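Student: My structure is in my_file_27.txt, and what it holds is compact mmCIF, N, CA and C atoms:
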```txt
# COMPACT_ATOMS: atom_id res chain seq x y z
N MET Z 1 -30.41 -30.66 8.36
CA MET Z 1 -29.07 -30.65 8.88
C MET Z 1 -28.98 -29.51 9.91
N SER Z 2 -28.35 -29.80 11.01
CA SER Z 2 -28.24 -28.78 12.06
C SER Z 2 -27.23 -27.71 11.66
N GLN Z 3 -27.35 -26.58 12.32
CA GLN Z 3 -26.44 -25.47 12.04
C GLN Z 3 -25.01 -25.84 12.42
N LYS Z 4 -24.86 -26.59 13.51
CA LYS Z 4 -23.53 -27.00 13.95
C LYS Z 4 -22.88 -27.90 12.91
N THR Z 5 -23.62 -28.86 12.40
CA THR Z 5 -23.10 -29.77 11.38
C THR Z 5 -22.72 -28.99 10.12
N SER Z 6 -23.58 -28.06 9.74
CA SER Z 6 -23.31 -27.25 8.56
C SER Z 6 -22.01 -26.47 8.71
N ARG Z 7 -21.82 -25.87 9.88
CA ARG Z 7 -20.59 -25.11 10.12
C ARG Z 7 -19.36 -26.00 10.07
N LEU Z 8 -19.44 -27.16 10.70
CA LEU Z 8 -18.29 -28.06 10.71
C LEU Z 8 -17.94 -28.54 9.30
N LEU Z 9 -18.96 -28.86 8.49
CA LEU Z 9 -18.69 -29.26 7.12
C LEU Z 9 -18.09 -28.11 6.32
N HIS Z 10 -18.63 -26.92 6.53
CA HIS Z 10 -18.12 -25.75 5.81
C HIS Z 10 -16.66 -25.49 6.16
N ARG Z 11 -16.33 -25.60 7.44
CA ARG Z 11 -14.93 -25.37 7.86
C ARG Z 11 -13.98 -26.39 7.25
N SER Z 12 -14.46 -27.62 7.08
CA SER Z 12 -13.59 -28.65 6.52
C SER Z 12 -13.59 -28.62 5.00
N GLY Z 13 -14.35 -27.70 4.39
CA GLY Z 13 -14.36 -27.57 2.94
C GLY Z 13 -15.28 -28.55 2.26
N ARG Z 14 -16.26 -29.07 2.98
CA ARG Z 14 -17.19 -30.03 2.39
C ARG Z 14 -18.59 -29.44 2.33
N ASN Z 15 -19.42 -30.02 1.44
CA ASN Z 15 -20.80 -29.55 1.32
C ASN Z 15 -21.70 -30.38 2.24
N GLN Z 16 -23.04 -30.21 2.10
CA GLN Z 16 -23.97 -30.89 2.99
C GLN Z 16 -23.94 -32.41 2.85
N PHE Z 17 -23.42 -32.92 1.74
CA PHE Z 17 -23.33 -34.36 1.54
C PHE Z 17 -21.97 -34.91 1.94
N GLY Z 18 -21.08 -34.06 2.38
CA GLY Z 18 -19.76 -34.50 2.78
C GLY Z 18 -18.76 -34.54 1.65
N ASP Z 19 -19.16 -34.11 0.43
CA ASP Z 19 -18.26 -34.11 -0.71
C ASP Z 19 -17.30 -32.94 -0.62
N PRO Z 20 -16.04 -33.16 -0.98
CA PRO Z 20 -15.08 -32.06 -0.91
C PRO Z 20 -15.24 -31.03 -2.02
N GLY Z 21 -16.02 -31.32 -3.04
CA GLY Z 21 -16.21 -30.38 -4.13
C GLY Z 21 -15.10 -30.47 -5.15
N ASP Z 22 -15.07 -29.49 -6.06
CA ASP Z 22 -14.07 -29.49 -7.12
C ASP Z 22 -12.71 -29.09 -6.57
N PRO Z 23 -11.63 -29.63 -7.17
CA PRO Z 23 -10.31 -29.21 -6.73
C PRO Z 23 -10.07 -27.75 -7.13
N PRO Z 24 -9.15 -27.08 -6.46
CA PRO Z 24 -8.89 -25.68 -6.82
C PRO Z 24 -8.36 -25.56 -8.24
N LEU Z 25 -8.67 -24.45 -8.87
CA LEU Z 25 -8.20 -24.22 -10.23
C LEU Z 25 -6.70 -24.01 -10.25
N PRO Z 26 -6.04 -24.39 -11.35
CA PRO Z 26 -4.60 -24.12 -11.43
C PRO Z 26 -4.34 -22.62 -11.51
N LEU Z 27 -3.18 -22.20 -11.06
CA LEU Z 27 -2.83 -20.79 -11.09
C LEU Z 27 -2.74 -20.30 -12.54
N TYR Z 28 -3.29 -19.13 -12.78
CA TYR Z 28 -3.30 -18.54 -14.11
C TYR Z 28 -1.98 -17.81 -14.33
N GLU Z 29 -1.33 -18.09 -15.42
CA GLU Z 29 -0.11 -17.39 -15.78
C GLU Z 29 -0.37 -16.59 -17.05
N PRO Z 30 -0.34 -15.26 -16.94
CA PRO Z 30 -0.61 -14.44 -18.12
C PRO Z 30 0.49 -14.59 -19.18
N SER Z 31 0.12 -14.39 -20.41
CA SER Z 31 1.08 -14.50 -21.51
C SER Z 31 2.03 -13.31 -21.50
N ALA Z 32 3.11 -13.43 -22.23
CA ALA Z 32 4.08 -12.33 -22.35
C ALA Z 32 3.43 -11.13 -23.02
N ARG Z 33 2.57 -11.36 -23.97
CA ARG Z 33 1.87 -10.28 -24.66
C ARG Z 33 0.97 -9.50 -23.69
N SER Z 34 0.27 -10.27 -22.84
CA SER Z 34 -0.60 -9.64 -21.85
C SER Z 34 0.21 -8.83 -20.83
N LEU Z 35 1.32 -9.36 -20.39
CA LEU Z 35 2.18 -8.65 -19.44
C LEU Z 35 2.75 -7.36 -20.06
N ALA Z 36 3.12 -7.44 -21.34
CA ALA Z 36 3.65 -6.25 -22.03
C ALA Z 36 2.58 -5.18 -22.15
N ARG Z 37 1.35 -5.58 -22.45
CA ARG Z 37 0.25 -4.61 -22.54
C ARG Z 37 -0.03 -3.97 -21.18
N ASP Z 38 -0.02 -4.78 -20.13
CA ASP Z 38 -0.23 -4.23 -18.78
C ASP Z 38 0.84 -3.20 -18.44
N LYS Z 39 2.08 -3.52 -18.74
CA LYS Z 39 3.18 -2.61 -18.44
C LYS Z 39 3.03 -1.30 -19.24
N GLU Z 40 2.63 -1.43 -20.50
CA GLU Z 40 2.45 -0.26 -21.36
C GLU Z 40 1.31 0.63 -20.84
N MET Z 41 0.20 0.03 -20.43
CA MET Z 41 -0.94 0.80 -19.94
C MET Z 41 -0.63 1.48 -18.61
N ILE Z 42 0.09 0.81 -17.73
CA ILE Z 42 0.48 1.43 -16.45
C ILE Z 42 1.40 2.61 -16.71
N SER Z 43 2.33 2.45 -17.62
CA SER Z 43 3.24 3.54 -17.97
C SER Z 43 2.47 4.72 -18.57
N LEU Z 44 1.52 4.44 -19.44
CA LEU Z 44 0.70 5.49 -20.04
C LEU Z 44 -0.13 6.22 -18.98
N HIS Z 45 -0.70 5.45 -18.05
CA HIS Z 45 -1.50 6.05 -16.98
C HIS Z 45 -0.64 7.00 -16.14
N ARG Z 46 0.57 6.58 -15.80
CA ARG Z 46 1.47 7.44 -15.01
C ARG Z 46 1.86 8.70 -15.79
N THR Z 47 2.14 8.54 -17.07
CA THR Z 47 2.49 9.70 -17.90
C THR Z 47 1.34 10.69 -17.98
N LEU Z 48 0.13 10.18 -18.19
CA LEU Z 48 -1.04 11.06 -18.26
C LEU Z 48 -1.30 11.74 -16.91
N ASN Z 49 -1.02 11.04 -15.80
CA ASN Z 49 -1.17 11.67 -14.49
C ASN Z 49 -0.18 12.82 -14.33
N ASP Z 50 1.05 12.64 -14.80
CA ASP Z 50 2.04 13.72 -14.73
C ASP Z 50 1.59 14.92 -15.57
N GLU Z 51 1.05 14.66 -16.75
CA GLU Z 51 0.54 15.75 -17.58
C GLU Z 51 -0.65 16.44 -16.92
N PHE Z 52 -1.49 15.67 -16.24
CA PHE Z 52 -2.64 16.23 -15.54
C PHE Z 52 -2.17 17.15 -14.41
N ILE Z 53 -1.13 16.74 -13.70
CA ILE Z 53 -0.56 17.57 -12.63
C ILE Z 53 0.01 18.86 -13.21
N GLN Z 54 0.71 18.76 -14.34
CA GLN Z 54 1.28 19.96 -14.96
C GLN Z 54 0.17 20.92 -15.39
N ALA Z 55 -0.95 20.38 -15.85
CA ALA Z 55 -2.03 21.23 -16.34
C ALA Z 55 -2.85 21.86 -15.21
N HIS Z 56 -3.06 21.12 -14.13
CA HIS Z 56 -3.99 21.59 -13.10
C HIS Z 56 -3.38 21.71 -11.70
N GLY Z 57 -2.18 21.22 -11.50
CA GLY Z 57 -1.60 21.16 -10.17
C GLY Z 57 -1.42 22.51 -9.50
N ALA Z 58 -0.88 23.48 -10.22
CA ALA Z 58 -0.63 24.80 -9.62
C ALA Z 58 -1.93 25.46 -9.18
N ARG Z 59 -2.94 25.39 -10.03
CA ARG Z 59 -4.23 26.00 -9.70
C ARG Z 59 -4.88 25.28 -8.52
N TRP Z 60 -4.71 23.95 -8.46
CA TRP Z 60 -5.27 23.14 -7.38
C TRP Z 60 -4.63 23.52 -6.05
N LEU Z 61 -3.30 23.63 -6.04
CA LEU Z 61 -2.61 23.99 -4.81
C LEU Z 61 -2.94 25.41 -4.38
N LYS Z 62 -3.12 26.30 -5.35
CA LYS Z 62 -3.48 27.69 -5.04
C LYS Z 62 -4.88 27.75 -4.43
N LEU Z 63 -5.79 26.92 -4.92
CA LEU Z 63 -7.15 26.88 -4.40
C LEU Z 63 -7.16 26.49 -2.92
N LEU Z 64 -6.27 25.58 -2.54
CA LEU Z 64 -6.27 25.05 -1.18
C LEU Z 64 -5.21 25.68 -0.28
N SER Z 65 -4.43 26.61 -0.81
CA SER Z 65 -3.38 27.23 0.00
C SER Z 65 -3.99 28.11 1.08
N GLY Z 66 -3.34 28.16 2.22
CA GLY Z 66 -3.80 28.98 3.33
C GLY Z 66 -4.88 28.33 4.17
N LEU Z 67 -5.34 27.14 3.81
CA LEU Z 67 -6.35 26.43 4.58
C LEU Z 67 -5.68 25.41 5.49
N SER Z 68 -6.24 25.20 6.66
CA SER Z 68 -5.72 24.16 7.55
C SER Z 68 -6.14 22.80 6.99
N LYS Z 69 -5.57 21.73 7.55
CA LYS Z 69 -5.92 20.39 7.07
C LYS Z 69 -7.41 20.11 7.29
N ALA Z 70 -7.94 20.56 8.41
CA ALA Z 70 -9.36 20.33 8.70
C ALA Z 70 -10.23 21.11 7.71
N GLN Z 71 -9.82 22.31 7.35
CA GLN Z 71 -10.59 23.08 6.37
C GLN Z 71 -10.52 22.44 4.99
N VAL Z 72 -9.34 21.92 4.63
CA VAL Z 72 -9.20 21.21 3.36
C VAL Z 72 -10.11 19.99 3.35
N TRP Z 73 -10.13 19.25 4.46
CA TRP Z 73 -10.99 18.07 4.56
C TRP Z 73 -12.45 18.45 4.38
N SER Z 74 -12.89 19.50 5.06
CA SER Z 74 -14.30 19.88 4.96
C SER Z 74 -14.65 20.37 3.55
N LYS Z 75 -13.68 20.96 2.85
CA LYS Z 75 -13.92 21.41 1.48
C LYS Z 75 -13.98 20.23 0.51
N LEU Z 76 -13.06 19.26 0.69
CA LEU Z 76 -13.00 18.12 -0.22
C LEU Z 76 -14.05 17.05 0.09
N HIS Z 77 -14.45 16.96 1.35
CA HIS Z 77 -15.40 15.92 1.77
C HIS Z 77 -16.55 16.58 2.54
N PRO Z 78 -17.44 17.27 1.85
CA PRO Z 78 -18.50 18.02 2.54
C PRO Z 78 -19.49 17.14 3.31
N TYR Z 79 -19.56 15.86 3.00
CA TYR Z 79 -20.49 14.98 3.69
C TYR Z 79 -19.83 14.21 4.84
N GLY Z 80 -18.55 14.50 5.11
CA GLY Z 80 -17.88 13.89 6.25
C GLY Z 80 -17.36 12.49 6.04
N LYS Z 81 -17.32 12.03 4.81
CA LYS Z 81 -16.79 10.69 4.51
C LYS Z 81 -15.62 10.81 3.58
N PRO Z 82 -14.47 10.33 3.84
CA PRO Z 82 -14.06 9.66 5.07
C PRO Z 82 -13.95 10.65 6.23
N THR Z 83 -13.84 10.13 7.41
CA THR Z 83 -13.77 10.97 8.59
C THR Z 83 -12.47 11.78 8.60
N LEU Z 84 -12.43 12.78 9.46
CA LEU Z 84 -11.25 13.63 9.56
C LEU Z 84 -10.02 12.83 9.97
N GLY Z 85 -10.19 11.88 10.90
CA GLY Z 85 -9.07 11.04 11.32
C GLY Z 85 -8.51 10.20 10.18
N THR Z 86 -9.40 9.66 9.37
CA THR Z 86 -8.97 8.88 8.21
C THR Z 86 -8.25 9.77 7.21
N PHE Z 87 -8.77 10.97 7.03
CA PHE Z 87 -8.13 11.94 6.13
C PHE Z 87 -6.71 12.25 6.62
N TYR Z 88 -6.56 12.47 7.92
CA TYR Z 88 -5.22 12.72 8.49
C TYR Z 88 -4.28 11.54 8.27
N SER Z 89 -4.78 10.33 8.48
CA SER Z 89 -3.91 9.15 8.30
C SER Z 89 -3.54 8.96 6.83
N MET Z 90 -4.45 9.30 5.92
CA MET Z 90 -4.12 9.23 4.50
C MET Z 90 -3.05 10.27 4.15
N ALA Z 91 -3.17 11.46 4.75
CA ALA Z 91 -2.21 12.52 4.47
C ALA Z 91 -0.82 12.17 5.00
N ARG Z 92 -0.77 11.43 6.11
CA ARG Z 92 0.53 11.04 6.68
C ARG Z 92 1.28 10.05 5.80
N GLU Z 93 0.60 9.38 4.90
CA GLU Z 93 1.26 8.41 4.02
C GLU Z 93 2.16 9.10 2.99
N SER Z 94 1.93 10.37 2.74
CA SER Z 94 2.76 11.13 1.81
C SER Z 94 3.83 11.88 2.59
N ASN Z 95 4.91 12.24 1.91
CA ASN Z 95 6.00 12.95 2.57
C ASN Z 95 5.58 14.35 3.04
N THR Z 96 4.79 15.05 2.24
CA THR Z 96 4.33 16.38 2.61
C THR Z 96 2.83 16.47 2.33
N PHE Z 97 2.19 17.45 2.95
CA PHE Z 97 0.75 17.64 2.72
C PHE Z 97 0.50 18.10 1.29
N GLU Z 98 1.42 18.87 0.75
CA GLU Z 98 1.30 19.33 -0.64
C GLU Z 98 1.31 18.13 -1.59
N GLN Z 99 2.20 17.17 -1.32
CA GLN Z 99 2.26 15.98 -2.15
C GLN Z 99 0.97 15.16 -2.01
N PHE Z 100 0.43 15.13 -0.81
CA PHE Z 100 -0.85 14.44 -0.60
C PHE Z 100 -1.96 15.12 -1.41
N LEU Z 101 -1.97 16.44 -1.44
CA LEU Z 101 -3.00 17.16 -2.21
C LEU Z 101 -2.87 16.86 -3.70
N LEU Z 102 -1.64 16.73 -4.19
CA LEU Z 102 -1.45 16.35 -5.60
C LEU Z 102 -1.92 14.92 -5.84
N TRP Z 103 -1.67 14.03 -4.87
CA TRP Z 103 -2.17 12.66 -4.98
C TRP Z 103 -3.69 12.68 -5.04
N TRP Z 104 -4.31 13.51 -4.19
CA TRP Z 104 -5.77 13.59 -4.17
C TRP Z 104 -6.28 14.12 -5.50
N LEU Z 105 -5.55 15.06 -6.08
CA LEU Z 105 -5.94 15.62 -7.37
C LEU Z 105 -5.99 14.54 -8.45
N VAL Z 106 -4.95 13.72 -8.54
CA VAL Z 106 -4.92 12.71 -9.61
C VAL Z 106 -5.79 11.49 -9.29
N SER Z 107 -6.04 11.21 -8.02
CA SER Z 107 -6.86 10.04 -7.70
C SER Z 107 -8.35 10.36 -7.70
N ASN Z 108 -8.70 11.63 -7.66
CA ASN Z 108 -10.11 12.06 -7.69
C ASN Z 108 -10.28 13.15 -8.73
N LYS Z 109 -9.93 12.83 -9.96
CA LYS Z 109 -9.89 13.84 -11.03
C LYS Z 109 -11.22 14.53 -11.27
N THR Z 110 -12.29 13.77 -11.30
CA THR Z 110 -13.60 14.36 -11.59
C THR Z 110 -13.99 15.38 -10.52
N GLN Z 111 -13.88 14.98 -9.26
CA GLN Z 111 -14.23 15.89 -8.17
C GLN Z 111 -13.31 17.10 -8.16
N ALA Z 112 -12.02 16.88 -8.37
CA ALA Z 112 -11.06 17.98 -8.34
C ALA Z 112 -11.36 19.00 -9.43
N LEU Z 113 -11.65 18.53 -10.63
CA LEU Z 113 -11.95 19.46 -11.72
C LEU Z 113 -13.24 20.24 -11.44
N ARG Z 114 -14.19 19.60 -10.79
CA ARG Z 114 -15.41 20.31 -10.42
C ARG Z 114 -15.13 21.36 -9.34
N HIS Z 115 -14.24 21.04 -8.39
CA HIS Z 115 -13.84 22.02 -7.38
C HIS Z 115 -13.15 23.22 -8.03
N LEU Z 116 -12.45 22.96 -9.14
CA LEU Z 116 -11.77 24.04 -9.85
C LEU Z 116 -12.73 24.86 -10.70
N GLY Z 117 -13.99 24.45 -10.75
CA GLY Z 117 -15.01 25.23 -11.44
C GLY Z 117 -15.26 24.83 -12.88
N HIS Z 118 -14.80 23.66 -13.30
CA HIS Z 118 -14.99 23.23 -14.68
C HIS Z 118 -16.35 22.56 -14.87
N GLU Z 119 -16.89 22.70 -16.05
CA GLU Z 119 -18.17 22.09 -16.41
C GLU Z 119 -17.97 20.61 -16.74
N ASP Z 120 -19.08 19.86 -16.75
CA ASP Z 120 -19.02 18.42 -16.99
C ASP Z 120 -18.45 18.07 -18.36
N LEU Z 121 -18.75 18.88 -19.37
CA LEU Z 121 -18.22 18.63 -20.71
C LEU Z 121 -16.69 18.69 -20.71
N PHE Z 122 -16.13 19.69 -20.04
CA PHE Z 122 -14.68 19.82 -19.93
C PHE Z 122 -14.09 18.64 -19.16
N VAL Z 123 -14.77 18.23 -18.08
CA VAL Z 123 -14.28 17.10 -17.28
C VAL Z 123 -14.23 15.84 -18.12
N ARG Z 124 -15.30 15.57 -18.86
CA ARG Z 124 -15.31 14.38 -19.72
C ARG Z 124 -14.22 14.43 -20.78
N GLU Z 125 -13.99 15.61 -21.32
CA GLU Z 125 -12.95 15.79 -22.33
C GLU Z 125 -11.56 15.51 -21.73
N GLN Z 126 -11.32 15.98 -20.51
CA GLN Z 126 -10.04 15.76 -19.86
C GLN Z 126 -9.82 14.29 -19.52
N LEU Z 127 -10.88 13.58 -19.17
CA LEU Z 127 -10.76 12.19 -18.76
C LEU Z 127 -10.81 11.20 -19.92
N ARG Z 128 -11.11 11.69 -21.11
CA ARG Z 128 -11.20 10.81 -22.28
C ARG Z 128 -9.87 10.09 -22.53
N ALA Z 129 -8.76 10.74 -22.29
CA ALA Z 129 -7.45 10.11 -22.52
C ALA Z 129 -7.22 8.92 -21.60
N PHE Z 130 -7.95 8.87 -20.48
CA PHE Z 130 -7.77 7.78 -19.50
C PHE Z 130 -8.71 6.61 -19.75
N SER Z 131 -9.44 6.61 -20.86
CA SER Z 131 -10.48 5.61 -21.07
C SER Z 131 -9.92 4.18 -21.06
N GLU Z 132 -8.78 3.94 -21.64
CA GLU Z 132 -8.20 2.60 -21.64
C GLU Z 132 -7.26 2.37 -20.46
N CYS Z 133 -6.31 3.26 -20.28
CA CYS Z 133 -5.29 3.03 -19.26
C CYS Z 133 -5.79 3.30 -17.85
N GLY Z 134 -6.91 3.97 -17.70
CA GLY Z 134 -7.44 4.30 -16.39
C GLY Z 134 -7.90 3.10 -15.59
N ARG Z 135 -8.10 1.98 -16.28
CA ARG Z 135 -8.50 0.76 -15.57
C ARG Z 135 -7.34 0.10 -14.84
N TYR Z 136 -6.13 0.53 -15.14
CA TYR Z 136 -4.93 -0.03 -14.52
C TYR Z 136 -4.58 0.82 -13.30
N TYR Z 137 -4.51 0.20 -12.15
CA TYR Z 137 -4.26 0.93 -10.91
C TYR Z 137 -2.79 1.29 -10.77
N VAL Z 138 -2.54 2.53 -10.36
CA VAL Z 138 -1.18 3.03 -10.21
C VAL Z 138 -1.07 3.79 -8.89
N THR Z 139 0.16 4.13 -8.52
CA THR Z 139 0.42 4.96 -7.35
C THR Z 139 0.90 6.32 -7.86
N TYR Z 140 0.97 7.27 -6.95
CA TYR Z 140 1.52 8.57 -7.31
C TYR Z 140 2.33 9.10 -6.15
N GLY Z 141 3.50 9.65 -6.44
CA GLY Z 141 4.36 10.24 -5.42
C GLY Z 141 4.81 9.20 -4.40
N SER Z 142 4.89 9.62 -3.15
CA SER Z 142 5.36 8.73 -2.11
C SER Z 142 4.22 7.94 -1.46
N CYS Z 143 2.99 8.20 -1.84
CA CYS Z 143 1.84 7.49 -1.28
C CYS Z 143 1.75 6.10 -1.90
N SER Z 144 1.54 5.10 -1.07
CA SER Z 144 1.48 3.72 -1.57
C SER Z 144 0.07 3.32 -1.99
N ARG Z 145 -0.91 4.18 -1.77
CA ARG Z 145 -2.29 3.86 -2.17
C ARG Z 145 -2.40 3.86 -3.69
N THR Z 146 -3.11 2.87 -4.21
CA THR Z 146 -3.31 2.78 -5.65
C THR Z 146 -4.68 3.32 -6.02
N PHE Z 147 -4.83 3.74 -7.26
CA PHE Z 147 -6.10 4.27 -7.73
C PHE Z 147 -6.18 4.07 -9.23
N GLY Z 148 -7.40 4.05 -9.72
CA GLY Z 148 -7.66 4.02 -11.15
C GLY Z 148 -8.38 5.31 -11.53
N THR Z 149 -8.56 5.50 -12.80
CA THR Z 149 -9.24 6.71 -13.28
C THR Z 149 -10.44 6.29 -14.10
N ALA Z 150 -11.62 6.60 -13.59
CA ALA Z 150 -12.84 6.30 -14.32
C ALA Z 150 -13.08 7.38 -15.34
N ALA Z 151 -13.24 6.97 -16.58
CA ALA Z 151 -13.45 7.95 -17.66
C ALA Z 151 -14.91 8.08 -18.00
```
Once you've parsed the file, please lay out its structure as structure tokens.

Tutor:
Amino acid sequence: MSQKTSRLLHRSGRNQFGDPGDPPLPLYEPSARSLARDKEMISLHRTLNDEFIQAHGARWLKLLSGLSKAQVWSKLHPYGKPTLGTFYSMARESNTFEQFLLWWLVSNKTQALRHLGHEDLFVREQLRAFSECGRYYVTYGSCSRTFGTAA
């Protein structure tokens, strides 16, 4: 079969024999129990993030105070990924740079705790509470970016 024929069949949703294939699956509707669990886990994740900010937020902001945005970027991303421009655009999504730094703290907990000088055992202990609810993506502050917490 020629490449042109293959492309045309693919665009029309057919295979090499011209068959349309299986019909699309019906839309999945989660049960009320599943929806309630999702809501509970998202709420727990947000609560734990607030507690994490209360425990480490002041020290985190103190660590980065007095640094320019470019210096903060180079400290948080020593390998240059994401780029400085991307870092600036991410920071603009929050109302203030301080709020962005708190978002960064909760969305990158492992790295942040290491920047604060904590050992791996302490980091694992702090993230243990997120083992179940951390799989549910949440937002923080005014930033619309979602994140999960790997435990």

Student: What gap, in Å, lies between atom C of Glu93 (chain Z) and atom N of Gly80 (chain Z)?

Tutor: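 Atom C of Glu93 (chain Z) sits 21.5 Å away from atom N of Gly80 (chain Z).
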
Student: Which residue gives the smallest distance to Tyr136 (chain Z) among Z:Ser65, Z:Ser94, Z:Arg33, Z:Gly148, with only N, CA and C atoms counted?

Tutor: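 Among Z:Ser65, Z:Ser94, Z:Arg33, Z:Gly148, it is Z:Gly148 that comes nearest to Tyr136 (chain Z).
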
Student: Neighbours of Ser142 (chain Z) within 12 Å (only C-alpha atoms; same-chain residues fewer than 3 positions away dropped), as JSON, numbers by chain?

Tutor: {"Z": [90, 91, 92, 93, 94, 95, 96, 97, 98, 99, 100, 101, 102, 103, 138, 139, 145, 146]}

Student: If you measure from atom C of His77 (chain Z) to atom N of Trp60 (chain Z), what distance in Å do you get, rounded to one decimal?

Tutor: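 Straight-line distance from atom C of His77 (chain Z) to atom N of Trp60 (chain Z) works out to 17.8 Å.
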
Student: With distances taken over all atoms listed in the file, which of Z:Leu44, Z:Ala58, Z:Val106, Z:Leu25 is nearest to Tyr140 (chain Z)?

Tutor: Z:Val106

Student: Counting only C-alpha atoms, which residue out of Z:Arg37, Z:Lys109, Z:Lys69, Z:Lys75 sits closest to Tyr88 (chain Z)?

Tutor: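 When distances to Tyr88 (chain Z) are compared using only C-alpha atoms, the smallest one comes from Z:Lys69.
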
Student: Using all atoms listed in the file, can you tell me which of Z:His115, Z:Asp19, Z:Trp73, Z:Gly134 comes closest to Phe87 (chain Z)?

Tutor: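 The closest residue to Phe87 (chain Z) is Z:Trp73.
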
Student: Step one, run DSSP on the backbone; step two, keep only residues of chain Z assigned to alpha helix (DSSP H); then write them as JSON, numbers by chain.

Tutor: {"Z": [3, 4, 5, 6, 7, 8, 9, 10, 11, 32, 33, 34, 35, 36, 37, 38, 39, 40, 41, 42, 43, 44, 45, 46, 47, 48, 49, 50, 51, 52, 53, 54, 55, 56, 57, 58, 59, 60, 61, 62, 63, 64, 69, 70, 71, 72, 73, 74, 75, 76, 84, 85, 86, 87, 88, 89, 90, 91, 92, 97, 98, 99, 100, 101, 102, 103, 104, 105, 106, 107, 109, 110, 111, 112, 113, 114, 115, 120, 121, 122, 123, 124, 125, 126, 127]}

Student: What is the distance between atom C of Cys143 (chain Z) and atom N of Arg114 (chain Z), in Å to one decimal?

Tutor: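 That distance, rounded to one decimal, is 22.7 Å.
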
Student: Give me every strand (DSSP E or B) residue in chain Z, going by DSSP on the backbone, as a ChimeraX atom specification.

Tutor: /Z:138-140,143-147

Student: My list of candidates is Z:Ser2, Z:Thr47, Z:Gln71, Z:Ser12. Which is closest to Cys133 (chain Z) when distances are computed with only C-alpha atoms?

Tutor: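 Counting only C-alpha atoms, the residue closest to Cys133 (chain Z) is Z:Thr47.
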